[in-house]
Amino acid sequence: MASLCIPELSEVPTRITPCPILEAILEVRFVTSTPWSVLPGLLFQQIRRKYGDPKDLPLVSLSEEIRRSEPHFTYLPLVSFEGPHFSIRLGPRVISLSSRGAYPGWSAIHAEMSWLVERIRNAGFFGEGERLGMRYIDFFEGDLFPSLRIRPVCADDGVEGVEISMTLAFEREDFQARLILNNSVAADIGGQVRNGSIFDLDLSLGAGQFDFFDNGLGRFESAHRHNKEIFFGLLQPEFLSTLSPEYD
C-alpha cells in the first residue's frame, strides 16, 4: 500500500471552533481463551463503580452459532457500558472506548484510556493484541470538498455540486490509514438533524506492531498525532482560517 502526499503544516492547531468531532473511538482487538459468557462479568467487576451495568447491543440477540459463522461479526461488540462522557463496548474479541456527547478533548480521552488499560489488565482476559485502531469522525455542514486539498476531478475540472463519496486507503509510517469523505450525510447535532459532510479517518496497527500493555498508550498517542496532521493538512488554508484555529 502506498503513502499519500499530505501537505505538512509548520504548526498544527490544538482546537478549532466549532468543534467538528462527532465521535472519537479507540479500539483494540484481541485473542483470548476466556469464554464470552464470562467476559462481561470480568470487565464489570473492574469498571462498575464508574460505568454501571452492561447493556445488550442488538447483535447479542443472534445465536453464537450464527455470529461465529459470519466473519464480519467477529469483531463487533455485544454489550456496552455507559458513563457520563464515554462508552465502553465489549465483544468476544474487541473492546473500545468512545466519546459521548461534546468532544472532551484528547487529554481527557487519553486519561480515560490509561485508566481502562489498567482495568483490562486486572480483568485478566486479554491474551494477545490483533489490531489497535483510532477513528475520528468529523462533521461539517454543507459540501466539504471545495474546502479540501483533495477532491475528485473530471476532464481536468473539479467535480462540485453532486453527491460524492470517496474512500482512500494509504500508509502513514507504521499505520494503515483509511479515510472516508462523503458530502451527503445527515447527522444528529444537539438533537437536530443536519445535512453535510463527514471526514472519517481510521488509523490502525496490526498484530506484532504493538504490545497493548507495554506501549499501547504510546501507539494511541502516535495515531492521534497522525490524525491531526492528516486532518489539518488536507484542509485548504483559507478554510482553516475561518475555523478560528487556536495554537498552544
# chains A, B, ... in the order shown; residues from 1 in each chain; ligands from 1
call {"tool": "residues_around", "arguments": {"residues": "segment 26-35 of chain A", "least_positions_apart": "5", "cutoff": "6 Å", "atoms": "only C-alpha atoms", "output": "VMD selection string"}}
result
chain A and resid 93 to 97 125 to 134
call {"tool": "write_last_selection", "arguments": {"atoms": "C-alpha atoms", "output": "PDB file, in the first residue's frame"}}
result
ATOM      1  CA  ARG A  93     -12.568 -10.251  20.589  1.00  0.00           C
ATOM      2  CA  VAL A  94     -12.854  -6.458  20.781  1.00  0.00           C
ATOM      3  CA  ILE A  95     -13.030  -3.657  23.319  1.00  0.00           C
ATOM      4  CA  SER A  96     -13.358   0.045  22.593  1.00  0.00           C
ATOM      5  CA  LEU A  97     -13.631   3.410  24.306  1.00  0.00           C
ATOM      6  CA  PHE A 125      -8.925 -11.929  29.917  1.00  0.00           C
ATOM      7  CA  PHE A 126      -6.698 -10.155  27.400  1.00  0.00           C
ATOM      8  CA  GLY A 127      -4.361 -12.531  25.584  1.00  0.00           C
ATOM      9  CA  GLU A 128      -2.631 -11.021  22.546  1.00  0.00           C
ATOM     10  CA  GLY A 129      -3.463  -7.860  20.616  1.00  0.00           C
ATOM     11  CA  GLU A 130      -4.544  -8.303  16.986  1.00  0.00           C
ATOM     12  CA  ARG A 131      -5.324  -4.723  15.997  1.00  0.00           C
ATOM     13  CA  LEU A 132      -5.059  -1.308  17.605  1.00  0.00           C
ATOM     14  CA  GLY A 133      -7.128   1.401  15.993  1.00  0.00           C
ATOM     15  CA  MET A 134      -8.236   5.006  16.378  1.00  0.00           C
TER      16      MET A 134
END
call {"tool": "residues_around", "arguments": {"residues": "Pro104 of chain A", "least_positions_apart": "3", "cutoff": "10 Å", "atoms": "only C-alpha atoms", "output": "list in words"}}
result
Ile21, Ala24, His85, Phe86, Ser99, Arg100, Gly101, Ser107, Ala108 and Ile109 of chain A
call {"tool": "write_last_selection", "arguments": {"atoms": "N, CA and C atoms", "output": "compact mmCIF listing (two decimals), in the first residue's frame"}}
result
# COMPACT_ATOMS: atom_id res chain seq x y z
N ILE A 21 -15.93 17.37 15.73
CA ILE A 21 -15.81 15.95 16.05
C ILE A 21 -17.13 15.38 16.57
N ALA A 24 -15.07 10.05 18.75
CA ALA A 24 -13.69 9.55 18.75
C ALA A 24 -13.72 8.16 19.36
N HIS A 85 -19.40 10.55 30.08
CA HIS A 85 -18.69 11.15 28.96
C HIS A 85 -18.14 10.14 27.96
N PHE A 86 -18.13 8.85 28.34
CA PHE A 86 -17.55 7.82 27.48
C PHE A 86 -18.42 6.56 27.48
N SER A 99 -16.07 8.50 22.79
CA SER A 99 -16.59 9.70 23.42
C SER A 99 -18.11 9.75 23.28
N ARG A 100 -18.75 10.42 24.24
CA ARG A 100 -20.19 10.62 24.20
C ARG A 100 -20.48 12.11 24.30
N GLY A 101 -21.40 12.59 23.45
CA GLY A 101 -21.75 14.00 23.51
C GLY A 101 -20.62 14.89 23.01
N SER A 107 -6.74 15.10 25.92
CA SER A 107 -6.18 14.83 27.26
C SER A 107 -7.14 13.98 28.09
N ALA A 108 -8.44 14.28 28.00
CA ALA A 108 -9.44 13.52 28.75
C ALA A 108 -9.57 12.11 28.20
N ILE A 109 -9.53 11.97 26.88
CA ILE A 109 -9.62 10.63 26.27
C ILE A 109 -8.40 9.80 26.65
call {"tool": "atom_distance", "arguments": {"atom1": "atom CA of Ser80 of chain A", "atom2": "atom CA of Asp56 of chain A"}}
result
6.5 Å
call {"tool": "residues_around", "arguments": {"residues": "Leu168 of chain A", "least_positions_apart": "5", "cutoff": "10 Å", "atoms": "only C-alpha atoms", "output": "MDAnalysis selection string"}}
result
chainID A and resid 4 177:181 201
call {"tool": "write_last_selection", "arguments": {"atoms": "C-alpha atoms", "output": "PDB file, in the first residue's frame"}}
result
ATOM      1  CA  LEU A   4      -0.372   9.699   0.463  1.00  0.00           C
ATOM      2  CA  ALA A 177      -4.985   4.727   7.238  1.00  0.00           C
ATOM      3  CA  ARG A 178      -8.488   4.623   5.814  1.00  0.00           C
ATOM      4  CA  LEU A 179     -10.159   7.936   5.041  1.00  0.00           C
ATOM      5  CA  ILE A 180     -13.821   8.229   4.043  1.00  0.00           C
ATOM      6  CA  LEU A 181     -15.094  11.536   2.644  1.00  0.00           C
ATOM      7  CA  LEU A 201     -10.384   8.762   9.442  1.00  0.00           C
TER       8      LEU A 201
END
call {"tool": "select_by_dssp", "arguments": {"residues": "segment 3-213 of chain A", "states": "helix (DSSP H, G or I)", "output": "PyMOL selection string"}}
result
chain A and resi 36-51+58-61+64-69+71-73+106-123+145-147+212-213
call {"tool": "write_last_selection", "arguments": {"atoms": "N, CA and C atoms", "output": "short mmCIF file (atom, residue, chain, number, x, y, z; two decimals), in the first residue's frame"}}
result
data_model
loop_
_atom_site.label_atom_id
_atom_site.label_comp_id
_atom_site.auth_asym_id
_atom_site.auth_seq_id
_atom_site.Cartn_x
_atom_site.Cartn_y
_atom_site.Cartn_z
N TRP A 36 -16.85 -16.20 26.07
CA TRP A 36 -17.59 -14.94 26.04
C TRP A 36 -18.57 -14.84 27.21
N SER A 37 -19.11 -15.93 27.64
CA SER A 37 -20.14 -15.91 28.69
C SER A 37 -19.64 -15.26 29.98
N VAL A 38 -18.33 -15.24 30.21
CA VAL A 38 -17.82 -14.66 31.46
C VAL A 38 -17.09 -13.34 31.24
N LEU A 39 -16.82 -12.96 29.98
CA LEU A 39 -16.08 -11.72 29.71
C LEU A 39 -16.77 -10.47 30.28
N PRO A 40 -18.07 -10.24 30.01
CA PRO A 40 -18.70 -9.04 30.54
C PRO A 40 -18.60 -8.94 32.06
N GLY A 41 -18.74 -10.07 32.74
CA GLY A 41 -18.65 -10.06 34.19
C GLY A 41 -17.26 -9.70 34.68
N LEU A 42 -16.25 -10.20 34.02
CA LEU A 42 -14.87 -9.88 34.42
C LEU A 42 -14.60 -8.38 34.27
N LEU A 43 -15.06 -7.80 33.16
CA LEU A 43 -14.84 -6.36 32.97
C LEU A 43 -15.72 -5.55 33.91
N PHE A 44 -16.95 -5.99 34.11
CA PHE A 44 -17.87 -5.29 35.00
C PHE A 44 -17.29 -5.14 36.41
N GLN A 45 -16.65 -6.18 36.91
CA GLN A 45 -16.06 -6.11 38.25
C GLN A 45 -15.02 -5.00 38.36
N GLN A 46 -14.39 -4.67 37.25
CA GLN A 46 -13.33 -3.67 37.27
C GLN A 46 -13.83 -2.24 37.05
N ILE A 47 -14.96 -2.08 36.36
CA ILE A 47 -15.39 -0.73 35.98
C ILE A 47 -16.75 -0.34 36.53
N ARG A 48 -17.37 -1.18 37.36
CA ARG A 48 -18.77 -0.98 37.74
C ARG A 48 -18.99 0.32 38.51
N ARG A 49 -18.04 0.75 39.31
CA ARG A 49 -18.25 1.99 40.08
C ARG A 49 -18.34 3.21 39.18
N LYS A 50 -17.76 3.12 38.02
CA LYS A 50 -17.72 4.27 37.12
C LYS A 50 -18.71 4.15 35.98
N TYR A 51 -19.01 2.91 35.55
CA TYR A 51 -19.82 2.71 34.35
C TYR A 51 -21.12 1.94 34.58
N PRO A 58 -27.72 -4.80 19.87
CA PRO A 58 -28.60 -5.62 19.03
C PRO A 58 -28.03 -6.97 18.62
N LEU A 59 -26.72 -7.03 18.37
CA LEU A 59 -26.13 -8.28 17.87
C LEU A 59 -26.20 -9.41 18.89
N VAL A 60 -26.36 -9.09 20.16
CA VAL A 60 -26.36 -10.13 21.18
C VAL A 60 -27.57 -11.06 21.04
N SER A 61 -28.60 -10.59 20.34
CA SER A 61 -29.80 -11.41 20.18
C SER A 61 -29.59 -12.56 19.20
N GLU A 64 -24.92 -17.66 19.12
CA GLU A 64 -23.47 -17.72 19.00
C GLU A 64 -23.06 -18.46 17.72
N GLU A 65 -23.84 -19.45 17.33
CA GLU A 65 -23.54 -20.20 16.12
C GLU A 65 -23.59 -19.30 14.88
N ILE A 66 -24.60 -18.43 14.82
CA ILE A 66 -24.71 -17.51 13.68
C ILE A 66 -23.58 -16.50 13.71
N ARG A 67 -23.26 -15.96 14.89
CA ARG A 67 -22.19 -14.97 14.98
C ARG A 67 -20.86 -15.56 14.54
N ARG A 68 -20.61 -16.81 14.89
CA ARG A 68 -19.35 -17.45 14.51
C ARG A 68 -19.30 -17.78 13.02
N SER A 69 -20.46 -17.97 12.41
CA SER A 69 -20.49 -18.35 11.00
C SER A 69 -20.30 -17.16 10.07
N PRO A 71 -18.04 -13.98 9.32
CA PRO A 71 -16.77 -13.34 9.68
C PRO A 71 -16.89 -11.87 10.07
N HIS A 72 -17.83 -11.14 9.44
CA HIS A 72 -17.91 -9.70 9.75
C HIS A 72 -18.51 -9.44 11.14
N PHE A 73 -19.01 -10.49 11.82
CA PHE A 73 -19.49 -10.34 13.19
C PHE A 73 -18.37 -10.51 14.22
N TRP A 106 -8.47 15.60 23.76
CA TRP A 106 -7.59 14.44 23.74
C TRP A 106 -7.04 14.10 25.13
N SER A 107 -6.74 15.10 25.92
CA SER A 107 -6.18 14.83 27.26
C SER A 107 -7.14 13.98 28.09
N ALA A 108 -8.44 14.28 28.00
CA ALA A 108 -9.44 13.52 28.75
C ALA A 108 -9.57 12.11 28.20
N ILE A 109 -9.53 11.97 26.88
CA ILE A 109 -9.62 10.63 26.27
C ILE A 109 -8.40 9.80 26.65
N HIS A 110 -7.23 10.39 26.59
CA HIS A 110 -6.00 9.67 26.93
C HIS A 110 -6.03 9.22 28.39
N ALA A 111 -6.49 10.09 29.27
CA ALA A 111 -6.56 9.74 30.70
C ALA A 111 -7.53 8.60 30.93
N GLU A 112 -8.68 8.63 30.24
CA GLU A 112 -9.68 7.57 30.41
C GLU A 112 -9.17 6.25 29.84
N MET A 113 -8.45 6.32 28.72
CA MET A 113 -7.91 5.09 28.13
C MET A 113 -6.83 4.52 29.03
N SER A 114 -6.02 5.36 29.64
CA SER A 114 -5.00 4.89 30.57
C SER A 114 -5.64 4.15 31.74
N TRP A 115 -6.72 4.72 32.26
CA TRP A 115 -7.47 4.07 33.34
C TRP A 115 -8.02 2.73 32.88
N LEU A 116 -8.59 2.69 31.67
CA LEU A 116 -9.21 1.47 31.16
C LEU A 116 -8.17 0.38 30.90
N VAL A 117 -7.01 0.74 30.41
CA VAL A 117 -5.96 -0.25 30.17
C VAL A 117 -5.65 -1.02 31.46
N GLU A 118 -5.56 -0.31 32.56
CA GLU A 118 -5.27 -0.99 33.84
C GLU A 118 -6.44 -1.87 34.28
N ARG A 119 -7.66 -1.44 34.01
CA ARG A 119 -8.82 -2.26 34.36
C ARG A 119 -8.84 -3.55 33.52
N ILE A 120 -8.48 -3.43 32.25
CA ILE A 120 -8.42 -4.61 31.39
C ILE A 120 -7.32 -5.55 31.85
N ARG A 121 -6.19 -4.98 32.23
CA ARG A 121 -5.09 -5.81 32.75
C ARG A 121 -5.55 -6.59 33.98
N ASN A 122 -6.23 -5.90 34.88
CA ASN A 122 -6.69 -6.55 36.11
C ASN A 122 -7.77 -7.60 35.85
N ALA A 123 -8.58 -7.40 34.79
CA ALA A 123 -9.64 -8.36 34.48
C ALA A 123 -9.08 -9.70 34.02
N PHE A 145 -15.95 19.26 0.14
CA PHE A 145 -14.93 19.01 -0.89
C PHE A 145 -14.25 20.27 -1.42
N PRO A 146 -14.96 21.38 -1.68
CA PRO A 146 -14.27 22.58 -2.15
C PRO A 146 -13.27 23.14 -1.13
N SER A 147 -13.40 22.73 0.13
CA SER A 147 -12.52 23.22 1.18
C SER A 147 -11.36 22.28 1.47
N PHE A 212 -0.15 -4.15 23.83
CA PHE A 212 -1.18 -3.32 24.41
C PHE A 212 -0.81 -2.77 25.78
N PHE A 213 -0.28 -3.61 26.65
CA PHE A 213 0.03 -3.15 28.00
C PHE A 213 1.38 -2.47 28.10
#
call {"tool": "atom_distance", "arguments": {"atom1": "atom CA of Arg135 of chain A", "atom2": "atom CA of Leu203 of chain A"}}
result
6.4 Å
call {"tool": "atom_distance", "arguments": {"atom1": "atom CA of Ser165 of chain A", "atom2": "atom CA of Phe139 of chain A"}}
result
14.0 Å
call {"tool": "closest_residue", "arguments": {"among": "A:Asn183, A:Ser3, A:Thr14, A:Asn195", "to": "Pro245 of chain A", "atoms": "only C-alpha atoms"}}
result
A:Thr14
call {"tool": "residues_around", "arguments": {"residues": "Lys228 of chain A", "least_positions_apart": "4", "cutoff": "12 Å", "atoms": "only C-alpha atoms", "output": "list of chain:residue names"}}
result
A:Ile6, A:Glu8, A:Leu9, A:Glu11, A:Val12, A:Pro13, A:Thr14, A:Arg15, A:Ile16, A:Ile21, A:Trp106, A:Met134, A:Arg135, A:Tyr136, A:Asp138, A:Phe199, A:Leu201, A:Asp202, A:Leu203, A:Glu221, A:Ser222, A:Ala223, A:His224, A:Phe232, A:Gly233, A:Leu234, A:Leu235
call {"tool": "closest_residue", "arguments": {"among": "A:Cys154, A:Leu240, A:Leu205, A:Leu57", "to": "Thr17 of chain A", "atoms": "only C-alpha atoms"}}
result
A:Leu240
call {"tool": "residues_around", "arguments": {"residues": "Ser197 of chain A", "least_positions_apart": "2", "cutoff": "6 Å", "atoms": "only C-alpha atoms", "output": "ChimeraX atom specification"}}
result
/A:139-140,143-144,182-185
call {"tool": "select_by_dssp", "arguments": {"residues": "segment 16-108 of chain A", "states": "strand (DSSP E)", "output": "short mmCIF file (atom, residue, chain, number, x, y, z; two decimals) with C-alpha atoms, in the first residue's frame"}}
result
data_model
loop_
_atom_site.label_atom_id
_atom_site.label_comp_id
_atom_site.auth_asym_id
_atom_site.auth_seq_id
_atom_site.Cartn_x
_atom_site.Cartn_y
_atom_site.Cartn_z
CA ILE A 21 -15.81 15.95 16.05
CA LEU A 22 -18.90 13.74 16.25
CA GLU A 23 -17.16 10.76 17.81
CA ALA A 24 -13.69 9.55 18.75
CA ILE A 25 -13.16 5.80 19.12
CA LEU A 26 -10.12 3.94 20.46
CA GLU A 27 -10.32 0.20 19.81
CA VAL A 28 -8.23 -2.90 20.37
CA ARG A 29 -8.95 -6.37 19.01
CA PHE A 30 -7.53 -9.33 20.86
CA VAL A 31 -7.23 -13.07 21.24
CA LYS A 55 -26.38 -3.09 28.28
CA ASP A 56 -27.01 -5.53 25.45
CA VAL A 79 -22.56 -5.15 25.17
CA SER A 80 -21.89 -1.57 26.19
CA PHE A 81 -21.11 0.18 29.46
CA GLU A 82 -22.27 3.81 29.50
CA PHE A 86 -17.55 7.82 27.48
CA SER A 87 -18.87 4.45 26.34
CA ILE A 88 -17.02 1.15 26.65
CA ARG A 89 -18.09 -1.55 24.21
CA LEU A 90 -17.10 -5.18 24.53
CA GLY A 91 -17.30 -8.19 22.24
CA VAL A 94 -12.85 -6.46 20.78
CA ILE A 95 -13.03 -3.66 23.32
CA SER A 96 -13.36 0.05 22.59
CA LEU A 97 -13.63 3.41 24.31
CA SER A 98 -15.62 6.14 22.58
CA SER A 99 -16.59 9.70 23.42
#
call {"tool": "decode", "arguments": {"residues": "segment 39-136 of chain A", "atoms": "C-alpha atoms", "output": "PDB file, in the first residue's frame"}}
result
ATOM      1  CA  LEU A  39     -16.085 -11.720  29.712  1.00  0.00           C
ATOM      2  CA  PRO A  40     -18.698  -9.037  30.541  1.00  0.00           C
ATOM      3  CA  GLY A  41     -18.654 -10.061  34.190  1.00  0.00           C
ATOM      4  CA  LEU A  42     -14.874  -9.882  34.417  1.00  0.00           C
ATOM      5  CA  LEU A  43     -14.841  -6.362  32.972  1.00  0.00           C
ATOM      6  CA  PHE A  44     -17.872  -5.285  35.004  1.00  0.00           C
ATOM      7  CA  GLN A  45     -16.059  -6.110  38.248  1.00  0.00           C
ATOM      8  CA  GLN A  46     -13.331  -3.671  37.267  1.00  0.00           C
ATOM      9  CA  ILE A  47     -15.387  -0.733  35.979  1.00  0.00           C
ATOM     10  CA  ARG A  48     -18.770  -0.978  37.744  1.00  0.00           C
ATOM     11  CA  ARG A  49     -18.251   1.986  40.080  1.00  0.00           C
ATOM     12  CA  LYS A  50     -17.716   4.269  37.125  1.00  0.00           C
ATOM     13  CA  TYR A  51     -19.820   2.708  34.352  1.00  0.00           C
ATOM     14  CA  GLY A  52     -22.529   0.578  35.938  1.00  0.00           C
ATOM     15  CA  ASP A  53     -24.252  -2.465  34.465  1.00  0.00           C
ATOM     16  CA  PRO A  54     -23.685  -3.645  30.881  1.00  0.00           C
ATOM     17  CA  LYS A  55     -26.382  -3.087  28.276  1.00  0.00           C
ATOM     18  CA  ASP A  56     -27.014  -5.531  25.454  1.00  0.00           C
ATOM     19  CA  LEU A  57     -26.413  -4.353  21.919  1.00  0.00           C
ATOM     20  CA  PRO A  58     -28.604  -5.623  19.029  1.00  0.00           C
ATOM     21  CA  LEU A  59     -26.133  -8.275  17.872  1.00  0.00           C
ATOM     22  CA  VAL A  60     -26.357 -10.134  21.178  1.00  0.00           C
ATOM     23  CA  SER A  61     -29.802 -11.406  20.177  1.00  0.00           C
ATOM     24  CA  LEU A  62     -28.244 -13.593  17.473  1.00  0.00           C
ATOM     25  CA  SER A  63     -27.157 -17.068  18.431  1.00  0.00           C
ATOM     26  CA  GLU A  64     -23.473 -17.722  18.996  1.00  0.00           C
ATOM     27  CA  GLU A  65     -23.544 -20.199  16.115  1.00  0.00           C
ATOM     28  CA  ILE A  66     -24.714 -17.514  13.682  1.00  0.00           C
ATOM     29  CA  ARG A  67     -22.187 -14.970  14.977  1.00  0.00           C
ATOM     30  CA  ARG A  68     -19.355 -17.453  14.508  1.00  0.00           C
ATOM     31  CA  SER A  69     -20.493 -18.350  11.000  1.00  0.00           C
ATOM     32  CA  GLU A  70     -20.335 -14.739   9.765  1.00  0.00           C
ATOM     33  CA  PRO A  71     -16.766 -13.343   9.677  1.00  0.00           C
ATOM     34  CA  HIS A  72     -17.911  -9.704   9.752  1.00  0.00           C
ATOM     35  CA  PHE A  73     -19.489 -10.341  13.189  1.00  0.00           C
ATOM     36  CA  THR A  74     -16.180 -11.443  14.721  1.00  0.00           C
ATOM     37  CA  TYR A  75     -15.038  -8.030  15.944  1.00  0.00           C
ATOM     38  CA  LEU A  76     -18.388  -6.392  16.646  1.00  0.00           C
ATOM     39  CA  PRO A  77     -19.314  -5.556  20.270  1.00  0.00           C
ATOM     40  CA  LEU A  78     -22.210  -7.255  22.007  1.00  0.00           C
ATOM     41  CA  VAL A  79     -22.556  -5.154  25.174  1.00  0.00           C
ATOM     42  CA  SER A  80     -21.886  -1.566  26.190  1.00  0.00           C
ATOM     43  CA  PHE A  81     -21.109   0.184  29.463  1.00  0.00           C
ATOM     44  CA  GLU A  82     -22.267   3.806  29.505  1.00  0.00           C
ATOM     45  CA  GLY A  83     -20.585   6.545  31.512  1.00  0.00           C
ATOM     46  CA  PRO A  84     -21.323  10.286  31.565  1.00  0.00           C
ATOM     47  CA  HIS A  85     -18.686  11.152  28.959  1.00  0.00           C
ATOM     48  CA  PHE A  86     -17.553   7.819  27.481  1.00  0.00           C
ATOM     49  CA  SER A  87     -18.870   4.453  26.339  1.00  0.00           C
ATOM     50  CA  ILE A  88     -17.024   1.150  26.647  1.00  0.00           C
ATOM     51  CA  ARG A  89     -18.086  -1.551  24.214  1.00  0.00           C
ATOM     52  CA  LEU A  90     -17.096  -5.181  24.532  1.00  0.00           C
ATOM     53  CA  GLY A  91     -17.297  -8.193  22.237  1.00  0.00           C
ATOM     54  CA  PRO A  92     -15.710 -11.652  22.262  1.00  0.00           C
ATOM     55  CA  ARG A  93     -12.568 -10.251  20.589  1.00  0.00           C
ATOM     56  CA  VAL A  94     -12.854  -6.458  20.781  1.00  0.00           C
ATOM     57  CA  ILE A  95     -13.030  -3.657  23.319  1.00  0.00           C
ATOM     58  CA  SER A  96     -13.358   0.045  22.593  1.00  0.00           C
ATOM     59  CA  LEU A  97     -13.631   3.410  24.306  1.00  0.00           C
ATOM     60  CA  SER A  98     -15.625   6.142  22.579  1.00  0.00           C
ATOM     61  CA  SER A  99     -16.589   9.704  23.418  1.00  0.00           C
ATOM     62  CA  ARG A 100     -20.195  10.621  24.197  1.00  0.00           C
ATOM     63  CA  GLY A 101     -21.749  14.000  23.513  1.00  0.00           C
ATOM     64  CA  ALA A 102     -19.449  17.001  23.226  1.00  0.00           C
ATOM     65  CA  TYR A 103     -15.855  16.094  22.461  1.00  0.00           C
ATOM     66  CA  PRO A 104     -13.961  16.142  25.790  1.00  0.00           C
ATOM     67  CA  GLY A 105     -10.512  16.767  24.306  1.00  0.00           C
ATOM     68  CA  TRP A 106      -7.587  14.438  23.738  1.00  0.00           C
ATOM     69  CA  SER A 107      -6.185  14.827  27.258  1.00  0.00           C
ATOM     70  CA  ALA A 108      -9.439  13.524  28.749  1.00  0.00           C
ATOM     71  CA  ILE A 109      -9.620  10.632  26.274  1.00  0.00           C
ATOM     72  CA  HIS A 110      -6.003   9.666  26.928  1.00  0.00           C
ATOM     73  CA  ALA A 111      -6.556   9.740  30.695  1.00  0.00           C
ATOM     74  CA  GLU A 112      -9.680   7.568  30.409  1.00  0.00           C
ATOM     75  CA  MET A 113      -7.905   5.094  28.131  1.00  0.00           C
ATOM     76  CA  SER A 114      -4.995   4.894  30.566  1.00  0.00           C
ATOM     77  CA  TRP A 115      -7.469   4.067  33.343  1.00  0.00           C
ATOM     78  CA  LEU A 116      -9.209   1.465  31.158  1.00  0.00           C
ATOM     79  CA  VAL A 117      -5.957  -0.253  30.170  1.00  0.00           C
ATOM     80  CA  GLU A 118      -5.273  -0.985  33.837  1.00  0.00           C
ATOM     81  CA  ARG A 119      -8.822  -2.263  34.364  1.00  0.00           C
ATOM     82  CA  ILE A 120      -8.421  -4.608  31.386  1.00  0.00           C
ATOM     83  CA  ARG A 121      -5.090  -5.812  32.748  1.00  0.00           C
ATOM     84  CA  ASN A 122      -6.690  -6.551  36.115  1.00  0.00           C
ATOM     85  CA  ALA A 123      -9.641  -8.355  34.476  1.00  0.00           C
ATOM     86  CA  GLY A 124      -7.176 -10.929  33.149  1.00  0.00           C
ATOM     87  CA  PHE A 125      -8.925 -11.929  29.917  1.00  0.00           C
ATOM     88  CA  PHE A 126      -6.698 -10.155  27.400  1.00  0.00           C
ATOM     89  CA  GLY A 127      -4.361 -12.531  25.584  1.00  0.00           C
ATOM     90  CA  GLU A 128      -2.631 -11.021  22.546  1.00  0.00           C
ATOM     91  CA  GLY A 129      -3.463  -7.860  20.616  1.00  0.00           C
ATOM     92  CA  GLU A 130      -4.544  -8.303  16.986  1.00  0.00           C
ATOM     93  CA  ARG A 131      -5.324  -4.723  15.997  1.00  0.00           C
ATOM     94  CA  LEU A 132      -5.059  -1.308  17.605  1.00  0.00           C
ATOM     95  CA  GLY A 133      -7.128   1.401  15.993  1.00  0.00           C
ATOM     96  CA  MET A 134      -8.236   5.006  16.378  1.00  0.00           C
ATOM     97  CA  ARG A 135     -11.143   6.521  14.474  1.00  0.00           C
ATOM     98  CA  TYR A 136     -12.260  10.148  14.419  1.00  0.00           C
TER      99      TYR A 136
END
